>>> print(open('work28.cif').read())   # mmCIF, C-alpha atoms (C1' of nucleotides)
data_start
loop_
_atom_site.label_atom_id
_atom_site.label_comp_id
_atom_site.auth_asym_id
_atom_site.auth_seq_id
_atom_site.Cartn_x
_atom_site.Cartn_y
_atom_site.Cartn_z
CA MET A 1 -4.02 -3.11 1.21
CA THR A 2 -4.57 -4.10 3.94
CA THR A 3 -7.89 -5.10 5.23
CA THR A 4 -8.68 -7.49 7.97
CA ALA A 5 -12.00 -9.07 8.06
CA PRO A 6 -15.47 -9.41 6.80
CA HIS A 7 -18.02 -11.54 8.47
CA ARG A 8 -21.40 -12.97 7.98
CA ASP A 9 -24.62 -11.76 9.38
CA PRO A 10 -28.12 -13.04 8.82
CA ASP A 11 -29.39 -9.54 8.12
CA LEU A 12 -27.17 -8.89 5.18
CA ASP A 13 -26.39 -12.06 3.38
CA PRO A 14 -27.85 -13.19 0.12
CA THR A 15 -24.78 -15.17 -0.95
CA PRO A 16 -23.91 -18.79 -0.35
CA VAL A 17 -20.73 -18.70 1.69
CA ASP A 18 -20.81 -20.64 4.90
CA ASP A 19 -19.44 -19.44 8.22
CA GLU A 20 -16.50 -21.76 8.20
CA GLU A 21 -15.31 -20.41 4.88
CA ILE A 22 -15.67 -16.84 6.01
CA ALA A 23 -13.75 -17.62 9.17
CA ALA A 24 -11.00 -19.09 7.01
CA TRP A 25 -10.99 -15.95 4.86
CA ARG A 26 -10.75 -13.69 7.89
CA ALA A 27 -7.92 -15.71 9.34
CA PHE A 28 -6.22 -15.64 5.97
CA LEU A 29 -6.32 -11.85 5.77
CA ARG A 30 -5.20 -11.42 9.33
CA ALA A 31 -2.33 -13.86 9.01
CA HIS A 32 -1.14 -12.13 5.87
CA SER A 33 -1.15 -8.72 7.44
CA LEU A 34 0.63 -9.86 10.58
CA MET A 35 3.21 -11.92 8.75
CA LEU A 36 4.18 -9.14 6.39
CA ARG A 37 4.37 -6.68 9.22
CA GLN A 38 6.57 -8.98 11.26
CA ILE A 39 8.96 -9.76 8.43
CA GLY A 40 9.13 -6.10 7.49
CA GLU A 41 10.08 -5.20 11.03
CA ASP A 42 12.66 -7.95 11.18
CA LEU A 43 14.30 -6.75 8.00
CA GLU A 44 14.33 -3.16 9.13
CA ALA A 45 15.76 -4.15 12.51
CA ALA A 46 18.56 -5.90 10.66
CA GLY A 47 19.24 -2.79 8.60
CA LEU A 48 18.12 -4.48 5.40
CA PRO A 49 15.89 -3.30 2.54
CA PRO A 50 12.14 -3.86 2.58
CA LEU A 51 10.47 -7.06 1.52
CA ALA A 52 9.44 -5.73 -1.88
CA TRP A 53 13.09 -5.53 -2.83
CA TYR A 54 13.55 -9.18 -2.08
CA ASP A 55 10.93 -10.20 -4.59
CA VAL A 56 12.62 -8.22 -7.32
CA LEU A 57 16.08 -9.52 -6.51
CA TRP A 58 14.86 -13.07 -6.31
CA ALA A 59 12.91 -12.92 -9.55
CA LEU A 60 16.08 -11.74 -11.26
CA TYR A 61 18.20 -14.33 -9.51
CA GLU A 62 16.16 -17.21 -10.83
CA ALA A 63 15.85 -15.73 -14.33
CA PRO A 64 17.96 -17.16 -17.16
CA ALA A 65 20.83 -14.67 -17.29
CA ARG A 66 19.88 -13.02 -14.02
CA ARG A 67 17.95 -10.44 -15.93
CA LEU A 68 14.42 -9.71 -17.04
CA GLN A 69 12.58 -7.02 -18.90
CA ASN A 70 10.52 -4.53 -17.03
CA TYR A 71 7.18 -6.01 -17.98
CA GLU A 72 8.27 -9.53 -17.08
CA LEU A 73 9.44 -8.36 -13.70
CA ALA A 74 6.29 -6.37 -13.11
CA ASP A 75 4.27 -9.49 -13.78
CA ALA A 76 6.46 -11.62 -11.53
CA VAL A 77 6.08 -9.35 -8.54
CA LEU A 78 2.47 -8.40 -9.25
CA LEU A 79 3.08 -4.71 -9.57
CA SER A 80 1.98 -2.16 -12.13
CA ARG A 81 4.60 -1.23 -14.71
CA SER A 82 4.89 2.30 -13.49
CA GLY A 83 5.18 1.04 -9.95
CA LEU A 84 7.92 -1.34 -10.89
CA SER A 85 9.72 1.30 -12.91
CA ARG A 86 10.05 3.43 -9.81
CA LEU A 87 10.88 0.53 -7.55
CA VAL A 88 13.70 -0.37 -9.90
CA ASP A 89 14.87 3.24 -9.73
CA ARG A 90 15.37 2.89 -6.02
CA ILE A 91 16.97 -0.53 -6.15
CA ALA A 92 19.29 0.59 -8.92
CA ASP A 93 20.29 3.64 -6.89
CA ALA A 94 21.39 1.20 -4.23
CA GLY A 95 23.47 -0.62 -6.82
CA LEU A 96 21.68 -3.94 -6.44
CA VAL A 97 20.35 -3.90 -9.96
CA ARG A 98 21.41 -2.40 -13.27
CA ARG A 99 19.50 -1.30 -16.35
CA THR A 100 20.84 -2.40 -19.69
CA ASP A 101 19.73 -1.77 -23.24
CA CYS A 102 17.79 -4.59 -24.77
CA PRO A 103 19.34 -5.47 -28.14
CA GLU A 104 16.51 -7.50 -29.62
CA ASP A 105 13.82 -4.96 -28.78
CA ARG A 106 14.88 -1.37 -28.48
CA ARG A 107 11.76 -0.42 -26.59
CA GLY A 108 12.64 -2.77 -23.78
CA VAL A 109 15.13 -2.55 -20.96
CA HIS A 110 16.97 -5.39 -19.36
CA ILE A 111 17.03 -5.24 -15.59
CA GLU A 112 19.99 -7.18 -14.35
CA LEU A 113 21.05 -8.39 -10.94
CA THR A 114 24.44 -7.10 -9.87
CA ASP A 115 26.85 -9.01 -7.68
CA GLU A 116 25.94 -6.68 -4.86
CA GLY A 117 22.32 -7.56 -5.45
CA ALA A 118 23.07 -11.27 -5.20
CA ALA A 119 24.99 -10.62 -2.02
CA MET A 120 22.06 -8.70 -0.60
CA LEU A 121 19.79 -11.59 -1.43
CA ARG A 122 22.00 -13.82 0.69
CA GLN A 123 21.82 -11.37 3.57
CA MET A 124 18.07 -10.96 3.41
CA TRP A 125 17.05 -14.56 3.05
CA PRO A 126 17.97 -15.75 6.54
CA VAL A 127 15.90 -13.01 8.09
CA TYR A 128 13.02 -13.68 5.76
CA ALA A 129 13.25 -17.42 6.26
CA ARG A 130 13.34 -17.10 10.00
CA GLY A 131 10.01 -15.29 9.94
CA ILE A 132 8.50 -18.08 7.88
CA ALA A 133 10.10 -20.80 9.98
CA GLU A 134 9.00 -19.33 13.28
CA HIS A 135 5.48 -18.18 12.59
CA PHE A 136 4.18 -19.65 9.37
CA ALA A 137 5.56 -23.15 9.03
CA PRO A 138 4.80 -24.33 12.58
CA ALA A 139 1.21 -23.16 12.26
CA LEU A 140 0.77 -25.20 9.11
CA GLY A 141 2.39 -28.22 10.63
CA ARG A 142 1.83 -31.28 8.50
CA HIS A 143 -0.79 -29.49 6.42
CA SER A 144 1.61 -27.37 4.45
CA CYS A 145 0.94 -29.40 1.36
CA THR A 146 -2.81 -29.02 1.69
CA VAL A 147 -2.41 -25.29 2.10
CA ARG A 148 -0.10 -25.02 -0.85
CA GLN A 149 -2.49 -26.88 -3.09
CA ALA A 150 -5.44 -24.86 -1.91
CA PHE A 151 -3.76 -21.55 -2.70
CA GLU A 152 -2.35 -22.69 -5.97
CA SER A 153 -5.91 -23.52 -6.78
CA VAL A 154 -6.99 -20.02 -5.79
CA ALA A 155 -4.37 -18.54 -8.08
CA ALA A 156 -5.45 -20.86 -10.86
CA SER A 157 -9.03 -19.75 -10.40
CA LEU A 158 -8.02 -16.13 -10.76
CA GLY A 159 -5.18 -15.74 -13.15
CA ARG A 160 -2.24 -17.83 -13.98
CA GLY A 161 -1.23 -20.17 -11.22
CA GLU A 162 2.04 -22.03 -11.62
CA HIS A 163 0.99 -25.50 -10.58
CA GLY A 164 3.50 -27.61 -8.75
CA GLU A 165 3.44 -31.35 -8.63
CA PRO A 166 0.61 -32.81 -6.56
CA CYS A 167 2.71 -33.30 -3.50
CA MET B 1 2.42 -4.16 0.71
CA THR B 2 2.66 -6.46 -2.01
CA THR B 3 5.30 -8.92 -2.81
CA THR B 4 4.93 -12.19 -4.51
CA ALA B 5 7.45 -14.80 -3.79
CA PRO B 6 10.63 -15.90 -2.23
CA HIS B 7 12.15 -19.24 -2.88
CA ARG B 8 14.83 -21.54 -1.69
CA ASP B 9 18.18 -22.15 -3.23
CA PRO B 10 20.99 -24.39 -2.09
CA ASP B 11 23.48 -21.56 -2.54
CA LEU B 12 21.86 -19.24 -0.11
CA ASP B 13 20.11 -21.06 2.64
CA PRO B 14 21.25 -21.51 6.21
CA THR B 15 17.74 -21.76 7.65
CA PRO B 16 15.59 -24.80 8.19
CA VAL B 17 12.54 -24.26 6.04
CA ASP B 18 11.70 -27.05 3.70
CA ASP B 19 10.64 -26.65 0.08
CA GLU B 20 7.07 -27.61 0.71
CA GLU B 21 6.65 -24.87 3.29
CA ILE B 22 8.19 -22.29 1.03
CA ALA B 23 5.93 -23.35 -1.77
CA ALA B 24 2.99 -22.92 0.58
CA TRP B 25 4.24 -19.46 1.52
CA ARG B 26 4.62 -18.43 -2.10
CA ALA B 27 1.16 -19.68 -2.96
CA PHE B 28 -0.20 -17.85 0.07
CA LEU B 29 1.28 -14.52 -1.03
CA ARG B 30 0.15 -14.95 -4.58
CA ALA B 31 -3.36 -15.95 -3.64
CA HIS B 32 -3.66 -12.94 -1.35
CA SER B 33 -2.54 -10.52 -3.99
CA LEU B 34 -4.79 -11.93 -6.66
CA MET B 35 -7.82 -12.19 -4.41
CA LEU B 36 -7.58 -8.61 -3.21
CA ARG B 37 -7.05 -7.36 -6.70
CA GLN B 38 -10.06 -9.27 -7.98
CA ILE B 39 -12.38 -8.15 -5.23
CA GLY B 40 -11.17 -4.58 -5.58
CA GLU B 41 -11.95 -4.64 -9.28
CA ASP B 42 -15.35 -6.18 -8.67
CA LEU B 43 -16.24 -3.47 -6.18
CA GLU B 44 -15.07 -0.71 -8.47
CA ALA B 45 -16.96 -2.21 -11.39
CA ALA B 46 -20.07 -2.11 -9.25
CA GLY B 47 -19.46 1.55 -8.41
CA LEU B 48 -18.83 0.74 -4.76
CA PRO B 49 -16.15 1.93 -2.32
CA PRO B 50 -12.84 0.08 -1.94
CA LEU B 51 -12.38 -2.95 0.26
CA ALA B 52 -10.72 -1.03 3.08
CA TRP B 53 -14.00 0.78 3.66
CA TYR B 54 -15.79 -2.49 4.14
CA ASP B 55 -13.58 -3.48 7.02
CA VAL B 56 -14.27 -0.25 8.81
CA LEU B 57 -17.99 -0.39 8.24
CA TRP B 58 -18.14 -3.99 9.32
CA ALA B 59 -16.10 -3.48 12.46
CA LEU B 60 -18.52 -0.74 13.45
CA TYR B 61 -21.54 -2.81 12.54
CA GLU B 62 -20.60 -5.61 14.87
CA ALA B 63 -19.56 -3.27 17.67
CA PRO B 64 -21.88 -2.78 20.69
CA ALA B 65 -23.62 0.47 19.78
CA ARG B 66 -22.36 0.45 16.21
CA ARG B 67 -19.51 2.64 17.26
CA LEU B 68 -15.89 2.35 18.32
CA GLN B 69 -13.11 4.65 19.30
CA ASN B 70 -10.41 5.47 16.85
CA TYR B 71 -7.78 3.28 18.45
CA GLU B 72 -10.12 0.30 18.69
CA LEU B 73 -10.99 0.62 15.06
CA ALA B 74 -7.37 1.00 14.06
CA ASP B 75 -6.58 -2.21 15.85
CA ALA B 76 -9.53 -4.02 14.31
CA VAL B 77 -8.54 -3.18 10.77
CA LEU B 78 -4.78 -3.42 11.38
CA LEU B 79 -4.02 0.13 10.40
CA SER B 80 -1.92 2.80 12.06
CA ARG B 81 -3.84 5.40 13.99
CA SER B 82 -2.91 8.17 11.65
CA GLY B 83 -3.83 5.99 8.73
CA LEU B 84 -7.20 5.25 10.19
CA SER B 85 -7.77 8.87 11.07
CA ARG B 86 -7.49 9.81 7.42
CA LEU B 87 -9.45 6.82 6.24
CA VAL B 88 -12.27 7.86 8.54
CA ASP B 89 -12.05 11.35 7.08
CA ARG B 90 -12.86 9.97 3.67
CA ILE B 91 -15.58 7.63 4.82
CA ALA B 92 -17.15 10.39 6.90
CA ASP B 93 -17.10 12.71 3.89
CA ALA B 94 -19.18 10.09 2.15
CA GLY B 95 -21.63 10.14 5.04
CA LEU B 96 -21.22 6.47 5.92
CA VAL B 97 -19.74 7.23 9.31
CA ARG B 98 -19.98 10.01 11.86
CA ARG B 99 -17.61 11.31 14.50
CA THR B 100 -19.04 11.94 17.94
CA ASP B 101 -17.58 13.26 21.13
CA CYS B 102 -16.68 10.60 23.63
CA PRO B 103 -18.23 11.47 27.02
CA GLU B 104 -16.24 9.14 29.23
CA ASP B 105 -12.86 10.11 27.78
CA ARG B 106 -12.58 13.52 26.28
CA ARG B 107 -9.45 12.63 24.40
CA GLY B 108 -11.26 10.01 22.46
CA VAL B 109 -13.69 10.15 19.56
CA HIS B 110 -16.55 7.82 18.87
CA ILE B 111 -16.79 6.72 15.29
CA GLU B 112 -20.29 5.69 14.56
CA LEU B 113 -21.95 3.86 11.70
CA THR B 114 -24.69 5.85 10.03
CA ASP B 115 -27.76 4.33 8.44
CA GLU B 116 -26.23 5.10 5.07
CA GLY B 117 -23.15 3.20 6.19
CA ALA B 118 -25.21 0.18 7.14
CA ALA B 119 -26.96 0.36 3.80
CA MET B 120 -23.62 0.50 2.02
CA LEU B 121 -22.51 -2.56 3.92
CA ARG B 122 -25.48 -4.41 2.53
CA GLN B 123 -24.62 -3.32 -0.98
CA MET B 124 -20.98 -4.25 -0.71
CA TRP B 125 -21.29 -7.63 0.90
CA PRO B 126 -22.79 -9.51 -2.04
CA VAL B 127 -19.96 -8.38 -4.29
CA TYR B 128 -17.38 -9.23 -1.68
CA ALA B 129 -18.97 -12.58 -0.89
CA ARG B 130 -19.16 -13.51 -4.52
CA GLY B 131 -15.41 -13.11 -4.83
CA ILE B 132 -14.88 -15.39 -1.87
CA ALA B 133 -17.48 -17.87 -3.01
CA GLU B 134 -16.14 -18.11 -6.54
CA HIS B 135 -12.40 -18.14 -6.05
CA PHE B 136 -11.50 -18.80 -2.45
CA ALA B 137 -14.03 -21.23 -1.02
CA PRO B 138 -13.96 -23.72 -3.90
CA ALA B 139 -10.18 -23.90 -3.74
CA LEU B 140 -10.30 -24.76 -0.08
CA GLY B 141 -12.99 -27.32 -0.57
CA ARG B 142 -13.43 -29.48 2.49
CA HIS B 143 -10.21 -28.14 4.03
CA SER B 144 -11.56 -24.75 5.00
CA CYS B 145 -11.47 -25.73 8.64
CA THR B 146 -7.85 -26.83 8.43
CA VAL B 147 -6.93 -23.59 6.75
CA ARG B 148 -8.79 -21.55 9.29
CA GLN B 149 -7.08 -23.24 12.18
CA ALA B 150 -3.69 -22.93 10.56
CA PHE B 151 -4.02 -19.20 10.06
CA GLU B 152 -5.52 -18.56 13.42
CA SER B 153 -2.45 -20.29 14.70
CA VAL B 154 -0.26 -17.96 12.65
CA ALA B 155 -2.01 -14.96 14.13
CA ALA B 156 -1.64 -16.42 17.60
CA SER B 157 2.05 -16.92 17.01
CA LEU B 158 2.43 -13.27 16.06
CA GLY B 159 0.10 -11.12 18.02
CA ARG B 160 -3.37 -11.52 19.22
CA GLY B 161 -5.28 -14.19 17.40
CA GLU B 162 -8.97 -14.50 18.14
CA HIS B 163 -9.30 -18.25 18.42
CA GLY B 164 -12.51 -19.79 17.28
CA GLU B 165 -13.86 -23.10 18.43
CA PRO B 166 -11.84 -26.07 17.21
CA CYS B 167 -14.23 -26.86 14.41
"C1'" DC C 1 -3.01 17.38 45.70
"C1'" DG C 2 0.93 18.24 42.24
"C1'" DG C 3 3.82 16.62 38.79
"C1'" DT C 4 5.36 13.40 35.60
"C1'" DA C 5 4.36 9.73 32.46
"C1'" DA C 6 1.23 7.60 29.37
"C1'" DT C 7 -2.54 7.75 26.05
"C1'" DC C 8 -5.72 9.64 22.33
"C1'" DG C 9 -6.42 11.72 17.95
"C1'" DT C 10 -4.73 14.85 14.39
"C1'" DT C 11 -1.40 16.92 11.28
"C1'" DG C 12 3.19 17.65 8.60
"C1'" DT C 13 6.11 15.09 5.90
"C1'" DA C 14 7.96 11.32 3.25
"C1'" DT C 15 7.32 6.97 0.82
"C1'" DC C 16 5.13 4.01 -2.17
"C1'" DT C 17 1.66 2.70 -5.63
"C1'" DA C 18 -1.77 3.24 -9.38
"C1'" DC C 19 -3.88 5.57 -13.39
"C1'" DA C 20 -3.42 8.34 -17.51
"C1'" DA C 21 -0.71 10.33 -20.94
"C1'" DC C 22 3.34 10.32 -23.62
"C1'" DA C 23 7.34 9.23 -26.97
"C1'" DG C 24 9.71 5.64 -29.03
"C1'" DT C 25 9.56 1.15 -31.21
"C1'" DT C 26 7.65 -2.92 -33.27
"C1'" DG C 27 4.10 -5.63 -35.69
"C1'" DT C 28 0.43 -6.06 -39.02
"C1'" DT C 29 -2.27 -5.36 -42.89
"C1'" DG C 30 -3.88 -3.34 -47.05
"C1'" DC D 1 6.05 0.16 -48.21
"C1'" DA D 2 2.81 3.03 -45.88
"C1'" DA D 3 -0.47 3.56 -42.31
"C1'" DC D 4 -2.43 2.10 -38.36
"C1'" DA D 5 -2.56 -0.59 -34.24
"C1'" DA D 6 -0.18 -2.66 -30.35
"C1'" DC D 7 3.34 -2.71 -27.07
"C1'" DT D 8 7.38 -0.92 -23.81
"C1'" DG D 9 9.03 2.02 -20.34
"C1'" DT D 10 8.89 6.56 -18.19
"C1'" DT D 11 6.76 10.63 -16.16
"C1'" DG D 12 2.93 13.85 -14.14
"C1'" DT D 13 -0.42 13.59 -10.90
"C1'" DA D 14 -3.28 11.90 -7.30
"C1'" DG D 15 -4.29 8.67 -3.54
"C1'" DA D 16 -3.20 6.00 0.51
"C1'" DT D 17 -0.30 4.71 4.39
"C1'" DA D 18 3.42 5.10 7.96
"C1'" DC D 19 6.39 7.71 11.14
"C1'" DA D 20 7.30 11.63 14.05
"C1'" DA D 21 5.68 15.48 16.46
"C1'" DC D 22 2.16 18.02 18.63
"C1'" DG D 23 -1.76 19.65 21.89
"C1'" DA D 24 -5.16 17.81 24.81
"C1'" DT D 25 -6.53 14.72 28.29
"C1'" DT D 26 -6.07 11.05 31.62
"C1'" DA D 27 -3.59 7.94 34.86
"C1'" DC D 28 -0.19 6.98 38.03
"C1'" DC D 29 2.60 8.07 42.19
"C1'" DG D 30 5.07 10.44 45.51
#
>>> encode(input="work28.cif", output="structure tokens")
Amino acid sequence: MTTTAPHRDPDLDPTPVDDEEIAAWRAFLRAHSLMLRQIGEDLEAAGLPPLAWYDVLWALYEAPARRLQNYELADAVLLSRSGLSRLVDRIADAGLVRRTDCPEDRRGVHIELTDEGAAMLRQMWPVYARGIAEHFAPALGRHSCTVRQAFESVAASLGRGEHGEPC
Amino acid sequence: MTTTAPHRDPDLDPTPVDDEEIAAWRAFLRAHSLMLRQIGEDLEAAGLPPLAWYDVLWALYEAPARRLQNYELADAVLLSRSGLSRLVDRIADAGLVRRTDCPEDRRGVHIELTDEGAAMLRQMWPVYARGIAEHFAPALGRHSCTVRQAFESVAASLGRGEHGEPC
DNA sequence: CGGTAATCGTTGTATCTACAACAGTTGTTG
DNA sequence: CAACAACTGTTGTAGATACAACGATTACCG
């Protein structure tokens, strides 16, 4: 994806979305694209793996025994199963993750964070966090809670949306 | 890209980003992914082209003579030039766009919206707008202006960031 | 002017992702 | 318990994007 911006025009608009909301949507798309690009560049400049790897490593890190099944992981990082299967191939080749047989369900596979993977997580986070701290957090200012609630509400409206406490 | 969520952990955190900001970032990523997926599915269900095409068509629609050069368009939709070149190939094959020689700079190419392209824009917008109106706008509620300003500020912090009036 | 540097768009190549199909396994129901 | 359905992960294939390299054109300077 991708994508930057739609907009409203009197000529082609039969739907009730006001200009302010569309402007917010455009800004949202643009900010997303620029932020991910920036963080991706920062990681590459530091000789670290791409951002997608971070999500996988983190999801495993916070999981009970530092492992998840393929389908759980795919759901956590919002990727198709085939997509995740191949992503795990690459991460496993780098030794950051390990596949293990799943005793209780012989169809499944446990994907398990290795010590090297945990170490990589520690290396990546500062770079990642710096991007957020420099470009995202200051822009939100004191409204970070409002923004969080708004987007948790978006997620809730769409699929499952992990509500946090009301701030 | 992709990606869902980072998070903070006492073990691995030397950077000053507080939990609330990280929660906002996670929600932001998740909302983006879910929104784009939803709108993409809606468009496909309606037998319409993907969302990326909309951005191109719209950028041309709002341009002076309904045409832009390749590099301008690439910038507008935040795509690499090679990426846009191939995207335009596909859209042109569908007849929604036309390549024209650029008189004032013979290196360049004008990419021009056709009448069919404008018609397609009119077909796509209602579907697109419905996604925004149903899932995005309600979640923002009366804070859409705050959100807009915050993300315009993000864009400004990163690259160029088309500021709108202060609401 | 002449030559070098910069810019524009396209193409070869590699990477990454999704969809469809598949084999293996589990669950369910008659 | 047998048959059928549902689910899990992988693989073939196609699509989309980025990077690097290229020819063509323009801009900048000496």
>>> residues_near_point(input="work28.cif", point="(5.1, -20.9, 1.0)", cutoff="10 Å", atoms="all atoms listed in the file", output="list in words")
Ile132, Phe136, Ala137, Ser144, Cys145, Val147, Arg148 and Phe151 of chain A; Ala5, Pro6, His7, Val17, Asp18, Asp19, Glu20, Glu21, Ile22, Ala23, Ala24, Trp25, Arg26, Ala27, Phe28, Leu29 and Arg30 of chain B
>>> resolve_selection(input="work28.cif", expression="the PyMOL selection byres ((chain B) within 12 of (chain C))", output="ChimeraX atom specification")
/B:1-2,69-72,74,80-86,88-89,99,101-102,105-111
>>> resolve_selection(input="work28.cif", expression="the PyMOL selection byres ((chain D) within 8 of (chain B))", output="PyMOL selection string")
chain D and resi 17-18+24-26
>>> residues_near_point(input="work28.cif", point="(-0.4, -16.8, 13.6)", cutoff="10 Å", atoms="all atoms listed in the file", output="PyMOL selection string")
(chain A and resi 27-28+30-32+34-35+134-140) or (chain B and resi 149-162)
>>> atom_distance(input="work28.cif", atom1="CA of Ala133 (chain A)", atom2="CA of Met120 (chain A)")
20.0 Å
>>> residues_around(input="work28.cif", residues="Ile39 (chain A)", least_positions_apart="4", cutoff="7 Å", atoms="all atoms listed in the file", output="compact mmCIF listing (two decimals) with C-alpha atoms, in the coordinates of the input")
# COMPACT_ATOMS: atom_id res chain seq x y z
CA MET A 35 3.21 -11.92 8.75
CA LEU A 43 14.30 -6.75 8.00
CA TYR A 128 13.02 -13.68 5.76
CA GLY A 131 10.01 -15.29 9.94
>>> atom_distance(input="work28.cif", atom1="CA of Met124 (chain A)", atom2="CA of Pro49 (chain A)")
8.0 Å
>>> closest_residue(input="work28.cif", among="B:Glu112, B:Glu44, B:Asp75, B:Glu104", to="Leu57 (chain B)", atoms="all atoms listed in the file")
B:Glu112
